[in-house]
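Data from target.cif: mmCIF, C-alpha atoms
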```cif
data_input
loop_
_atom_site.label_atom_id
_atom_site.label_comp_id
_atom_site.auth_asym_id
_atom_site.auth_seq_id
_atom_site.Cartn_x
_atom_site.Cartn_y
_atom_site.Cartn_z
CA MET A 82 80.75 28.61 128.20
CA GLN A 83 79.13 29.93 125.04
CA ILE A 84 77.20 33.22 124.98
CA ALA A 85 74.95 33.76 121.95
CA VAL A 86 73.75 37.27 121.06
CA VAL A 87 70.95 37.28 118.49
CA LEU A 88 70.88 39.86 115.70
CA TYR A 89 68.03 40.67 113.33
CA ASP A 90 67.19 43.43 110.89
CA ARG A 91 66.53 46.76 112.68
CA PHE A 92 67.71 45.68 116.14
CA THR A 93 69.01 48.44 118.42
CA ALA A 94 72.81 48.35 118.60
CA LEU A 95 73.23 49.29 122.26
CA ASP A 96 70.75 46.56 123.30
CA ALA A 97 73.22 44.00 121.97
CA VAL A 98 76.51 45.73 122.71
CA GLY A 99 75.75 46.58 126.36
CA PRO A 100 75.47 42.94 127.54
CA TYR A 101 78.17 41.82 125.06
CA GLU A 102 80.65 44.32 126.45
CA VAL A 103 80.42 42.92 129.97
CA LEU A 104 79.56 39.23 129.41
CA SER A 105 82.20 38.63 126.72
CA ARG A 106 84.87 39.40 129.33
CA ILE A 107 84.08 36.30 131.39
CA PRO A 108 87.36 34.33 131.36
CA GLY A 109 87.08 31.40 128.98
CA ALA A 110 83.73 32.45 127.54
CA GLU A 111 83.13 32.36 123.80
CA THR A 112 80.70 35.02 122.56
CA VAL A 113 79.01 34.49 119.20
CA PHE A 114 76.77 36.84 117.26
CA VAL A 115 74.09 34.81 115.54
CA ALA A 116 71.33 35.60 113.03
CA GLU A 117 69.09 33.74 110.64
CA HIS A 118 71.78 34.21 108.01
CA THR A 119 75.46 35.05 108.51
CA GLY A 120 76.84 38.41 107.43
CA PRO A 121 76.15 42.05 108.26
CA VAL A 122 72.85 42.89 109.95
CA ARG A 123 71.71 46.52 109.90
CA THR A 124 70.60 48.31 113.04
CA ASP A 125 67.38 50.32 113.46
CA THR A 126 68.95 53.58 112.27
CA GLY A 127 70.31 51.91 109.14
CA ALA A 128 73.65 53.59 109.82
CA LEU A 129 75.46 50.58 111.28
CA GLY A 130 76.04 46.98 110.28
CA MET A 131 77.09 44.40 112.85
CA VAL A 132 78.30 41.03 111.65
CA ALA A 133 76.55 37.77 112.53
CA ASP A 134 79.39 35.25 112.37
CA ARG A 135 77.04 32.29 112.80
CA SER A 136 73.63 31.30 111.51
CA LEU A 137 70.92 30.05 113.87
CA THR A 138 71.43 26.48 112.66
CA GLU A 139 75.11 26.61 113.63
CA VAL A 140 74.42 27.55 117.26
CA THR A 141 72.46 24.86 119.01
CA ARG A 142 73.47 24.81 122.67
CA PRO A 143 74.56 28.22 123.97
CA ASP A 144 74.85 28.43 127.75
CA VAL A 145 73.70 32.05 127.75
CA LEU A 146 71.19 33.46 125.27
CA VAL A 147 70.85 37.24 124.85
CA VAL A 148 68.02 38.69 122.74
CA PRO A 149 68.20 42.45 122.05
CA GLY A 150 65.22 44.63 121.20
CA GLY A 151 64.58 47.19 118.54
CA PRO A 152 61.91 48.21 116.04
CA GLY A 153 62.57 45.08 113.96
CA GLN A 154 61.22 42.92 116.78
CA SER A 155 57.62 43.62 115.77
CA ASP A 156 58.15 41.92 112.38
CA LEU A 157 59.31 38.70 114.07
CA MET A 158 56.52 38.00 116.56
CA GLU A 159 55.17 35.19 114.36
CA HIS A 160 58.41 34.30 112.61
CA GLU A 161 58.74 30.58 113.36
CA PRO A 162 62.38 30.12 112.22
CA LEU A 163 63.44 32.47 115.01
CA LEU A 164 60.79 31.50 117.59
CA ASN A 165 61.50 27.78 117.11
CA TRP A 166 65.20 28.42 117.54
CA LEU A 167 64.58 30.42 120.72
CA ARG A 168 62.50 27.54 122.12
CA ALA A 169 65.12 24.97 121.14
CA VAL A 170 68.14 26.74 122.66
CA ASP A 171 66.19 27.81 125.73
CA ALA A 172 65.58 24.13 126.45
CA THR A 173 69.25 23.70 127.34
CA SER A 174 70.42 27.21 128.21
CA THR A 175 71.62 28.06 131.70
CA TRP A 176 70.44 31.65 131.32
CA THR A 177 67.98 33.17 128.86
CA ALA A 178 68.18 36.95 128.75
CA SER A 179 66.78 39.92 126.87
CA VAL A 180 67.06 43.67 126.61
CA CYS A 181 64.25 46.10 125.75
CA THR A 182 61.64 44.59 123.39
CA GLY A 183 63.75 41.44 123.11
CA SER A 184 61.55 40.21 125.97
CA LEU A 185 58.56 40.35 123.60
CA LEU A 186 60.32 37.84 121.34
CA LEU A 187 60.98 35.54 124.31
CA ALA A 188 57.34 35.99 125.29
CA ALA A 189 56.10 35.27 121.75
CA ALA A 190 58.12 32.05 121.85
CA GLY A 191 56.13 31.14 124.97
CA LEU A 192 59.12 31.31 127.29
CA LEU A 193 57.89 33.93 129.74
CA GLU A 194 54.47 32.50 130.57
CA GLY A 195 53.76 33.17 134.23
CA ARG A 196 57.16 34.84 134.61
CA ARG A 197 57.92 38.31 135.94
CA ALA A 198 59.63 40.27 133.16
CA THR A 199 60.42 43.76 131.92
CA SER A 200 60.80 45.57 128.60
CA HIS A 201 61.09 49.08 127.18
CA TRP A 202 58.70 51.33 129.14
CA LEU A 203 56.68 51.98 125.96
CA ALA A 204 56.25 48.23 125.32
CA LEU A 205 55.82 46.94 128.84
CA ASP A 206 52.07 46.32 128.71
CA GLN A 207 52.44 44.16 125.58
CA LEU A 208 54.00 41.42 127.73
CA THR A 209 50.65 40.54 129.31
CA ALA A 210 49.23 39.31 125.98
CA TYR A 211 51.77 36.48 126.18
CA GLY A 212 51.09 35.53 129.78
CA ALA A 213 54.11 37.30 131.26
CA ARG A 214 53.80 39.53 134.30
CA PRO A 215 55.35 42.93 133.50
CA THR A 216 57.15 44.90 136.19
CA GLY A 217 58.62 48.36 135.99
CA GLU A 218 61.98 47.26 137.41
CA ARG A 219 65.12 47.88 135.38
CA VAL A 220 66.38 44.31 135.63
CA VAL A 221 64.16 41.34 136.47
CA VAL A 222 65.49 37.90 137.37
CA ASP A 223 62.88 35.13 137.47
CA GLY A 224 64.50 31.73 137.58
CA LYS A 225 66.91 31.54 134.66
CA TYR A 226 65.12 34.36 132.80
CA VAL A 227 66.79 37.76 133.05
CA THR A 228 65.10 40.67 131.30
CA GLY A 229 66.26 44.28 131.11
CA ALA A 230 64.32 47.47 130.42
CA GLY A 231 64.96 49.71 127.41
CA VAL A 232 68.20 49.89 125.40
CA SER A 233 70.82 51.09 127.91
CA ALA A 234 69.41 48.77 130.61
CA GLY A 235 71.33 45.98 128.89
CA ILE A 236 74.47 47.11 130.70
CA ASP A 237 72.77 46.79 134.10
CA MET A 238 71.23 43.49 132.99
CA GLY A 239 74.61 42.22 131.80
CA LEU A 240 76.36 43.15 135.04
CA THR A 241 73.61 41.54 137.11
CA LEU A 242 73.91 38.35 135.08
CA LEU A 243 77.70 38.53 135.21
CA GLY A 244 77.52 38.61 139.01
CA ARG A 245 75.35 35.50 139.03
CA ILE A 246 77.66 33.68 136.63
CA GLY A 247 81.10 34.78 137.79
CA GLY A 248 80.62 36.32 141.23
CA ASP A 249 80.79 39.82 142.63
CA ASP A 250 84.56 40.31 142.22
CA LEU A 251 84.45 39.56 138.51
CA ALA A 252 81.39 41.75 137.96
CA GLN A 253 82.99 44.66 139.83
CA THR A 254 86.26 44.19 137.92
CA ILE A 255 84.41 44.41 134.61
CA GLN A 256 82.43 47.41 135.85
CA LEU A 257 85.74 49.10 136.70
CA THR A 258 87.31 48.05 133.37
CA THR A 259 84.40 49.56 131.45
CA GLU A 260 84.43 52.52 133.86
CA TYR A 261 80.70 52.15 134.37
CA ASP A 262 80.18 54.98 136.83
CA PRO A 263 77.27 56.65 135.04
CA GLN A 264 76.82 60.39 135.31
CA PRO A 265 74.08 61.34 132.85
CA PRO A 266 73.95 65.09 132.22
CA TYR A 267 70.14 64.98 132.58
CA ASP A 268 67.81 62.96 134.82
CA ALA A 269 65.24 62.08 132.17
CA GLY A 270 65.83 58.38 131.60
CA ALA A 271 62.48 57.13 132.91
CA PRO A 272 58.92 58.33 132.27
CA HIS A 273 58.41 59.36 135.91
CA LYS A 274 61.56 61.51 135.76
CA ALA A 275 61.43 63.14 132.32
CA PRO A 276 59.50 66.36 131.56
CA ALA A 277 55.84 65.40 131.04
CA HIS A 278 55.56 66.96 127.56
CA LEU A 279 58.46 64.81 126.32
CA VAL A 280 56.92 61.64 127.77
CA GLU A 281 53.56 62.42 126.14
CA SER A 282 55.22 63.19 122.81
CA LEU A 283 56.97 59.80 122.80
CA ARG A 284 53.78 57.99 123.87
CA SER A 285 51.86 59.59 120.98
CA ARG A 286 54.51 58.66 118.44
CA SER A 287 54.67 55.14 119.87
CA ARG A 288 50.89 54.68 119.46
CA PHE A 289 51.24 55.87 115.87
CA ILE A 290 54.06 53.41 115.21
CA LEU A 291 52.08 50.53 116.76
CA ARG A 292 49.02 51.38 114.65
CA GLN A 293 51.20 51.33 111.54
CA ALA A 294 52.61 47.92 112.47
CA HIS A 295 49.16 46.46 113.13
CA SER A 296 47.70 47.73 109.86
CA ARG A 297 50.31 45.98 107.71
CA MET B 1144 74.93 67.24 109.59
CA GLN B 1145 77.34 64.35 109.22
CA ILE B 1146 78.63 62.39 112.22
CA ALA B 1147 81.68 60.19 111.59
CA VAL B 1148 82.55 57.37 114.00
CA VAL B 1149 86.04 55.97 113.44
CA LEU B 1150 86.68 52.22 113.65
CA TYR B 1151 90.03 50.42 113.80
CA ASP B 1152 91.21 46.93 114.62
CA ARG B 1153 90.68 46.07 118.32
CA PHE B 1154 88.54 49.08 119.20
CA THR B 1155 86.07 48.65 122.08
CA ALA B 1156 82.53 48.23 120.80
CA LEU B 1157 80.70 50.16 123.52
CA ASP B 1158 83.05 53.15 123.05
CA ALA B 1159 81.66 53.55 119.55
CA VAL B 1160 78.08 52.37 120.08
CA GLY B 1161 77.35 54.53 123.15
CA PRO B 1162 77.77 57.89 121.34
CA TYR B 1163 76.35 56.46 118.09
CA GLU B 1164 73.16 55.37 119.85
CA VAL B 1165 72.36 58.88 121.02
CA LEU B 1166 73.94 61.11 118.35
CA SER B 1167 72.54 59.16 115.37
CA ARG B 1168 69.03 60.09 116.55
CA ILE B 1169 69.53 63.80 115.83
CA PRO B 1170 66.83 64.59 113.24
CA GLY B 1171 68.39 64.89 109.80
CA ALA B 1172 71.82 63.70 110.90
CA GLU B 1173 73.73 61.17 108.80
CA THR B 1174 75.98 58.88 110.83
CA VAL B 1175 78.81 57.09 109.03
CA PHE B 1176 81.19 54.45 110.35
CA VAL B 1177 84.57 55.00 108.80
CA ALA B 1178 87.88 53.11 108.83
CA GLU B 1179 91.10 53.02 106.86
CA HIS B 1180 89.46 50.38 104.65
CA THR B 1181 85.77 49.60 104.25
CA GLY B 1182 84.33 46.33 105.54
CA PRO B 1183 84.11 44.56 108.90
CA VAL B 1184 86.43 45.73 111.67
CA ARG B 1185 86.92 43.39 114.64
CA THR B 1186 86.56 44.62 118.21
CA ASP B 1187 89.04 44.05 121.03
CA THR B 1188 87.49 40.75 122.12
CA GLY B 1189 87.62 39.40 118.56
CA ALA B 1190 84.02 38.26 119.00
CA LEU B 1191 82.33 41.05 117.08
CA GLY B 1192 82.72 42.68 113.70
CA MET B 1193 81.26 46.11 113.00
CA VAL B 1194 81.10 47.34 109.44
CA ALA B 1195 82.90 50.45 108.24
CA ASP B 1196 80.75 51.60 105.34
CA ARG B 1197 83.23 54.29 104.30
CA SER B 1198 86.98 54.58 104.02
CA LEU B 1199 88.85 57.55 105.48
CA THR B 1200 89.38 59.01 102.01
CA GLU B 1201 85.61 59.03 101.41
CA VAL B 1202 84.80 61.12 104.48
CA THR B 1203 86.42 64.51 104.29
CA ARG B 1204 84.22 67.00 106.11
CA PRO B 1205 82.20 65.45 108.96
CA ASP B 1206 80.56 67.98 111.27
CA VAL B 1207 81.06 65.73 114.27
CA LEU B 1208 84.03 63.38 114.68
CA VAL B 1209 83.90 60.58 117.27
CA VAL B 1210 87.01 58.51 118.05
CA PRO B 1211 86.50 55.45 120.27
CA GLY B 1212 89.21 53.83 122.37
CA GLY B 1213 90.33 50.28 122.83
CA PRO B 1214 93.52 48.21 123.01
CA GLY B 1215 94.12 48.75 119.26
CA GLN B 1216 94.72 52.45 119.88
CA SER B 1217 98.29 51.82 121.06
CA ASP B 1218 99.27 50.46 117.62
CA LEU B 1219 98.11 53.66 115.92
CA MET B 1220 99.90 56.37 117.88
CA GLU B 1221 102.38 56.91 115.04
CA HIS B 1222 100.16 55.74 112.19
CA GLU B 1223 100.18 58.73 109.86
CA PRO B 1224 97.29 57.66 107.57
CA LEU B 1225 94.95 57.91 110.56
CA LEU B 1226 96.66 60.84 112.33
CA ASN B 1227 96.75 62.90 109.13
CA TRP B 1228 93.07 62.19 108.54
CA LEU B 1229 92.21 63.22 112.10
CA ARG B 1230 94.10 66.51 111.61
CA ALA B 1231 92.42 67.12 108.26
CA VAL B 1232 88.83 66.54 109.36
CA ASP B 1233 89.37 68.33 112.67
CA ALA B 1234 90.26 71.43 110.68
CA THR B 1235 86.62 71.78 109.59
CA SER B 1236 84.68 69.84 112.25
CA THR B 1237 82.22 71.59 114.51
CA TRP B 1238 82.87 69.07 117.29
CA THR B 1239 85.78 66.67 117.76
CA ALA B 1240 85.02 64.00 120.36
CA SER B 1241 86.50 60.85 121.84
CA VAL B 1242 85.75 58.08 124.29
CA CYS B 1243 88.26 56.26 126.48
CA THR B 1244 91.73 55.99 124.90
CA GLY B 1245 90.38 57.59 121.74
CA SER B 1246 91.61 60.83 123.34
CA LEU B 1247 95.17 59.52 123.08
CA LEU B 1248 94.74 59.32 119.30
CA LEU B 1249 93.45 62.89 119.20
CA ALA B 1250 96.40 63.87 121.40
CA ALA B 1251 98.89 62.01 119.19
CA ALA B 1252 97.51 63.95 116.24
CA GLY B 1253 98.39 67.12 118.16
CA LEU B 1254 94.79 68.20 118.61
CA LEU B 1255 94.64 68.37 122.40
CA GLU B 1256 97.73 70.49 123.09
CA GLY B 1257 96.98 72.75 126.02
CA ARG B 1258 93.45 71.37 126.25
CA ARG B 1259 91.73 69.84 129.25
CA ALA B 1260 90.81 66.25 128.40
CA THR B 1261 89.99 62.87 129.87
CA SER B 1262 90.51 59.20 129.03
CA HIS B 1263 90.20 55.75 130.60
CA TRP B 1264 91.34 56.02 134.23
CA LEU B 1265 94.23 53.62 133.51
CA ALA B 1266 95.44 55.76 130.59
CA LEU B 1267 94.79 59.25 131.92
CA ASP B 1268 98.39 60.13 132.72
CA GLN B 1269 99.51 59.31 129.17
CA LEU B 1270 97.75 62.46 127.94
CA THR B 1271 100.43 64.72 129.45
CA ALA B 1272 103.10 63.39 127.06
CA TYR B 1273 101.15 65.06 124.25
CA GLY B 1274 100.65 68.38 126.00
CA ALA B 1275 97.04 67.77 127.07
CA ARG B 1276 95.91 68.48 130.61
CA PRO B 1277 94.22 65.36 132.02
CA THR B 1278 91.30 65.67 134.42
CA GLY B 1279 89.45 62.95 136.27
CA GLU B 1280 86.03 64.19 135.12
CA ARG B 1281 83.75 61.82 133.23
CA VAL B 1282 83.07 64.21 130.38
CA VAL B 1283 85.30 67.17 129.53
CA VAL B 1284 84.30 69.94 127.14
CA ASP B 1285 87.12 72.31 126.14
CA GLY B 1286 86.11 74.44 123.19
CA LYS B 1287 84.96 72.09 120.46
CA TYR B 1288 86.82 69.13 121.99
CA VAL B 1289 84.65 66.74 124.00
CA THR B 1290 86.37 63.79 125.63
CA GLY B 1291 84.80 61.02 127.68
CA ALA B 1292 86.32 58.67 130.26
CA GLY B 1293 86.44 54.88 129.83
CA VAL B 1294 84.13 52.81 127.60
CA SER B 1295 80.63 53.38 129.06
CA ALA B 1296 81.35 57.12 129.51
CA GLY B 1297 80.64 57.46 125.80
CA ILE B 1298 76.92 57.50 126.58
CA ASP B 1299 77.34 60.42 128.99
CA MET B 1300 79.67 62.11 126.50
CA GLY B 1301 77.18 61.57 123.68
CA LEU B 1302 74.27 63.00 125.67
CA THR B 1303 76.34 66.01 126.72
CA LEU B 1304 77.29 66.67 123.11
CA LEU B 1305 73.70 66.04 121.98
CA GLY B 1306 72.51 68.74 124.40
CA ARG B 1307 75.02 71.21 122.94
CA ILE B 1308 74.01 70.35 119.36
CA GLY B 1309 70.26 69.91 119.66
CA GLY B 1310 69.25 71.41 122.97
CA ASP B 1311 68.04 70.00 126.27
CA ASP B 1312 64.64 68.80 125.05
CA LEU B 1313 66.16 66.66 122.32
CA ALA B 1314 68.84 65.26 124.64
CA GLN B 1315 66.24 64.37 127.28
CA THR B 1316 63.96 62.81 124.65
CA ILE B 1317 66.80 60.58 123.47
CA GLN B 1318 67.71 59.74 127.06
CA LEU B 1319 64.10 58.67 127.63
CA THR B 1320 63.98 56.76 124.33
CA THR B 1321 67.11 54.81 125.28
CA GLU B 1322 65.75 54.52 128.85
CA TYR B 1323 69.08 55.74 130.20
CA ASP B 1324 68.25 55.67 133.88
CA PRO B 1325 71.29 53.71 135.05
CA GLN B 1326 71.01 51.44 138.07
CA PRO B 1327 74.27 49.48 138.23
CA PRO B 1328 74.02 46.49 140.58
CA TYR B 1329 77.42 47.43 142.06
CA ASP B 1330 79.10 50.76 142.79
CA ALA B 1331 82.54 49.87 141.46
CA GLY B 1332 82.79 51.90 138.27
CA ALA B 1333 85.61 54.21 139.32
CA PRO B 1334 88.93 53.51 141.06
CA HIS B 1335 87.95 55.49 144.17
CA LYS B 1336 84.76 53.42 144.50
CA ALA B 1337 85.84 49.88 143.66
CA PRO B 1338 87.37 47.44 146.19
CA ALA B 1339 91.10 48.30 146.48
CA HIS B 1340 92.34 44.80 145.61
CA LEU B 1341 90.44 44.90 142.30
CA VAL B 1342 91.84 48.33 141.44
CA GLU B 1343 95.39 47.17 142.23
CA SER B 1344 94.93 44.01 140.18
CA LEU B 1345 93.84 46.00 137.13
CA ARG B 1346 96.68 48.51 137.60
CA SER B 1347 99.23 45.65 137.70
CA ARG B 1348 97.84 44.05 134.58
CA SER B 1349 97.75 47.44 132.85
CA ARG B 1350 101.44 48.06 133.63
CA PHE B 1351 102.22 44.61 132.20
CA ILE B 1352 100.24 45.35 129.03
CA LEU B 1353 101.97 48.72 128.60
CA ARG B 1354 105.41 47.11 129.04
CA GLN B 1355 104.51 44.56 126.38
CA ALA B 1356 103.40 47.30 123.98
CA HIS B 1357 106.61 49.29 124.49
CA SER B 1358 108.86 46.26 123.95
CA ARG B 1359 107.45 45.40 120.54
#
```
structure tokens encoding of this file:
Amino acid sequence: MQIAVVLYDRFTALDAVGPYEVLSRIPGAETVFVAEHTGPVRTDTGALGMVADRSLTEVTRPDVLVVPGGPGQSDLMEHEPLLNWLRAVDATSTWTASVCTGSLLLAAAGLLEGRRATSHWLALDQLTAYGARPTGERVVVDGKYVTGAGVSAGIDMGLTLLGRIGGDDLAQTIQLTTEYDPQPPYDAGAPHKAPAHLVESLRSRSRFILRQAHSR
Amino acid sequence: MQIAVVLYDRFTALDAVGPYEVLSRIPGAETVFVAEHTGPVRTDTGALGMVADRSLTEVTRPDVLVVPGGPGQSDLMEHEPLLNWLRAVDATSTWTASVCTGSLLLAAAGLLEGRRATSHWLALDQLTAYGARPTGERVVVDGKYVTGAGVSAGIDMGLTLLGRIGGDDLAQTIQLTTEYDPQPPYDAGAPHKAPAHLVESLRSRSRFILRQAHSR
């Protein structure tokens, strides 16, 4: 079984590493990090480089495809080298998965048409433009398409997918190995839970960022 | 403010990326990934390389030090180039933090003597050999020393530390940005919660791994 995690300039590190950390522990699985070109790919903060060991052309039939999100996603919504590759590998994948705004890339490739899907809470409504049906759930499974909400939801997405692939015992063993017994010091991880002024502040900044992207 | 995240061969990716993902978003902070030598450092699965942009000698006064864990930690418990560096930067750090078995490296450097600290549940009792006082809590703050439990606990550790550094509003904003509203599909992330046969299986394998390490 081959698991391919896609990297691109200004992806969000945790989007990729969350699912990697659980899925790569499937016995016998080979996990490959893949990008348009091999070599280091910088994350959204610029502070971290993660290495793509394979180019898109070298990975043609992964069993599991994982597409992370991040600010760089918005530059790729019409980038045919990536979208064509997503379509091609999705044709034979067993599972096609995303985290955060990675679902917008799957949607732009036409893979989520008519499907229930999720994304980062600030990007959720963008899914409808591509014929997907957004839901506010943290992890959405629709057929072979598994989408996770923002950033950290990739761990929950990965464990859900791991259970489907390897069964409950394996998923629970990996959860125990990674000691995933979350105890956040605050309860502000969703817009209906966080203080309203913080939610509004992020929404305002997000609208500003989207306007910038559209005026390029 | 400079945040230094240490990398070494066979570290666990999520240990480093969890705290990075939240701490690097402190306005004005510079986050640097640092290792004995610059360049790609492979994680414990071998499937991922993360780039150390700086060598230990290039980073001399980080404000925040973060040491991840991982199987590679056991090879470094007497490795003076790293232990000496940890002692040197700890002398001027504002916060010295770890995730998972990263606390064993801090302990081996003599930094946790008499301190309350935590680690991966399978490694917790090893802290006592270095004079630290292990606790089963997920995040432990003792003075400027902040230790997190296994792997995924680095996110909770990072948010706790973020709150201390930047205040509750910033920490909650970052929690909302990373949509950290965990909903694990299983409740098996701690030994007292997971099915007993899975806990015992991991304990047996862990004893085997430790025996192997000691017989080298």
List as a PyMOL selection string the protein and nucleic acid residues near B:Leu1305, meaning an atom at most 8 Å away when all atoms listed in the file are counted, but skip any in the same chain fewer than 3 places from it. chain B and resi 1165-1166+1169+1301-1302+1308-1310+1313-1314
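For chain A, the residues no farther than 6 Å from chain B when using all atoms listed in the file are Thr112, Ala128, Gly130, Met131, Val132, Gly231, Val232, Ser233, Asp237, Gln253, Gln256, Leu257, Thr259, Glu260, Tyr261, Asp262, Pro265, Ala269, Gly270 and Ala271 of chain A.
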Write the residues of the preceding selection, restricted to C-alpha atoms, as a compact mmCIF listing (two decimals), keeping the file's coordinate frame.
```txt
# COMPACT_ATOMS: atom_id res chain seq x y z
CA THR A 112 80.70 35.02 122.56
CA ALA A 128 73.65 53.59 109.82
CA GLY A 130 76.04 46.98 110.28
CA MET A 131 77.09 44.40 112.85
CA VAL A 132 78.30 41.03 111.65
CA GLY A 231 64.96 49.71 127.41
CA VAL A 232 68.20 49.89 125.40
CA SER A 233 70.82 51.09 127.91
CA ASP A 237 72.77 46.79 134.10
CA GLN A 253 82.99 44.66 139.83
CA GLN A 256 82.43 47.41 135.85
CA LEU A 257 85.74 49.10 136.70
CA THR A 259 84.40 49.56 131.45
CA GLU A 260 84.43 52.52 133.86
CA TYR A 261 80.70 52.15 134.37
CA ASP A 262 80.18 54.98 136.83
CA PRO A 265 74.08 61.34 132.85
CA ALA A 269 65.24 62.08 132.17
CA GLY A 270 65.83 58.38 131.60
CA ALA A 271 62.48 57.13 132.91
```
What would the selection look like, as a PDB file with C-alpha atoms, keeping the file's coordinate frame, if the PyMOL selection byres ((chain B and resi 1148) around 7) were run on the coordinates I just shared?
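Result file out_6.pdb:
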```
ATOM      1  CA  ILE B1146      78.630  62.390 112.220  1.00  0.00           C
ATOM      2  CA  ALA B1147      81.680  60.190 111.590  1.00  0.00           C
ATOM      3  CA  VAL B1149      86.040  55.970 113.440  1.00  0.00           C
ATOM      4  CA  LEU B1150      86.680  52.220 113.650  1.00  0.00           C
ATOM      5  CA  ALA B1159      81.660  53.550 119.550  1.00  0.00           C
ATOM      6  CA  VAL B1175      78.810  57.090 109.030  1.00  0.00           C
ATOM      7  CA  PHE B1176      81.190  54.450 110.350  1.00  0.00           C
ATOM      8  CA  VAL B1177      84.570  55.000 108.800  1.00  0.00           C
ATOM      9  CA  LEU B1208      84.030  63.380 114.680  1.00  0.00           C
ATOM     10  CA  VAL B1209      83.900  60.580 117.270  1.00  0.00           C
ATOM     11  CA  VAL B1210      87.010  58.510 118.050  1.00  0.00           C
TER      12      VAL B1210
END
```
What lies within 6 Å of B:Thr1290 using all atoms listed in the file, ignoring chain neighbours under 2 positions off, as a PDB file with C-alpha atoms, keeping the file's coordinate frame?
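Below is the file that was written, selection_28.pdb:
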```pdb
ATOM      1  CA  ALA B1240      85.020  64.000 120.360  1.00  0.00           C
ATOM      2  CA  SER B1241      86.500  60.850 121.840  1.00  0.00           C
ATOM      3  CA  VAL B1242      85.750  58.080 124.290  1.00  0.00           C
ATOM      4  CA  ALA B1260      90.810  66.250 128.400  1.00  0.00           C
ATOM      5  CA  THR B1261      89.990  62.870 129.870  1.00  0.00           C
ATOM      6  CA  VAL B1282      83.070  64.210 130.380  1.00  0.00           C
ATOM      7  CA  VAL B1283      85.300  67.170 129.530  1.00  0.00           C
TER       8      VAL B1283
END
```
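Taking only C-alpha atoms, the non-local environment of A:Pro143 within 8 Å (same-chain residues fewer than 2 positions away omitted) comprises A:Met82, A:Gln83, A:Ile84, A:Ala85, A:Val140, A:Thr141, A:Val145, A:Leu146, A:Val170, A:Thr173, A:Ser174.
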Please evaluate the PyMOL selection byres ((chain A and resi 157) around 12) against the displayed coordinates and give the resulting residues as a PyMOL selection string. chain A and resi 88-92+117+150-156+158-165+167+182-183+185-190+294
Compare A:Ala204, A:Pro108, A:Trp176, A:Thr124 by their minimum atom-to-atom distance to A:Ser287, counting all atoms listed in the file, and give me the closest one.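 For A:Ser287, the nearest of the candidates is A:Ala204.
Each of A:His273, A:Arg245, A:Thr177, A:Thr209 was checked against A:Val227 using all atoms listed in the file; the smallest atom-to-atom distance is that of A:Thr177.
One finds atom CA of B:Ala1231 at 19.2 Å from atom CA of B:Gly1257.
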One decimal place gives the atom CA of A:Glu194-atom CA of A:Arg284 separation as 26.4 Å
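The gap separating atom CA of A:Arg168 from atom CA of A:Asp144 is 13.6 Å, in Å to one decimal.
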Quick one: stretch 1177-1187 of chain B with N, CA and C atoms, as a PDB file, in the coordinates of the input?
```pdb
ATOM      1  N   VAL B1177      83.479  54.798 109.740  1.00  0.00           N
ATOM      2  CA  VAL B1177      84.570  55.000 108.800  1.00  0.00           C
ATOM      3  C   VAL B1177      85.857  54.340 109.341  1.00  0.00           C
ATOM      4  N   ALA B1178      86.600  53.732 108.447  1.00  0.00           N
ATOM      5  CA  ALA B1178      87.880  53.110 108.830  1.00  0.00           C
ATOM      6  C   ALA B1178      88.853  53.267 107.677  1.00  0.00           C
ATOM      7  N   GLU B1179      90.092  52.867 107.925  1.00  0.00           N
ATOM      8  CA  GLU B1179      91.100  53.020 106.860  1.00  0.00           C
ATOM      9  C   GLU B1179      90.618  52.304 105.591  1.00  0.00           C
ATOM     10  N   HIS B1180      90.038  51.115 105.781  1.00  0.00           N
ATOM     11  CA  HIS B1180      89.460  50.380 104.650  1.00  0.00           C
ATOM     12  C   HIS B1180      88.013  50.028 104.983  1.00  0.00           C
ATOM     13  N   THR B1181      87.156  49.984 103.999  1.00  0.00           N
ATOM     14  CA  THR B1181      85.770  49.600 104.250  1.00  0.00           C
ATOM     15  C   THR B1181      85.679  48.104 104.577  1.00  0.00           C
ATOM     16  N   GLY B1182      84.568  47.730 105.197  1.00  0.00           N
ATOM     17  CA  GLY B1182      84.330  46.330 105.540  1.00  0.00           C
ATOM     18  C   GLY B1182      84.351  46.112 107.040  1.00  0.00           C
ATOM     19  N   PRO B1183      84.183  44.864 107.466  1.00  0.00           N
ATOM     20  CA  PRO B1183      84.110  44.560 108.900  1.00  0.00           C
ATOM     21  C   PRO B1183      85.414  44.865 109.628  1.00  0.00           C
ATOM     22  N   VAL B1184      85.288  45.434 110.802  1.00  0.00           N
ATOM     23  CA  VAL B1184      86.430  45.730 111.670  1.00  0.00           C
ATOM     24  C   VAL B1184      86.170  44.975 112.975  1.00  0.00           C
ATOM     25  N   ARG B1185      87.150  44.206 113.448  1.00  0.00           N
ATOM     26  CA  ARG B1185      86.920  43.390 114.640  1.00  0.00           C
ATOM     27  C   ARG B1185      87.196  44.202 115.915  1.00  0.00           C
ATOM     28  N   THR B1186      86.390  43.944 116.923  1.00  0.00           N
ATOM     29  CA  THR B1186      86.560  44.620 118.210  1.00  0.00           C
ATOM     30  C   THR B1186      87.664  43.943 119.026  1.00  0.00           C
ATOM     31  N   ASP B1187      87.929  44.515 120.188  1.00  0.00           N
ATOM     32  CA  ASP B1187      89.040  44.050 121.030  1.00  0.00           C
ATOM     33  C   ASP B1187      88.899  42.604 121.498  1.00  0.00           C
TER      34      ASP B1187
END
```
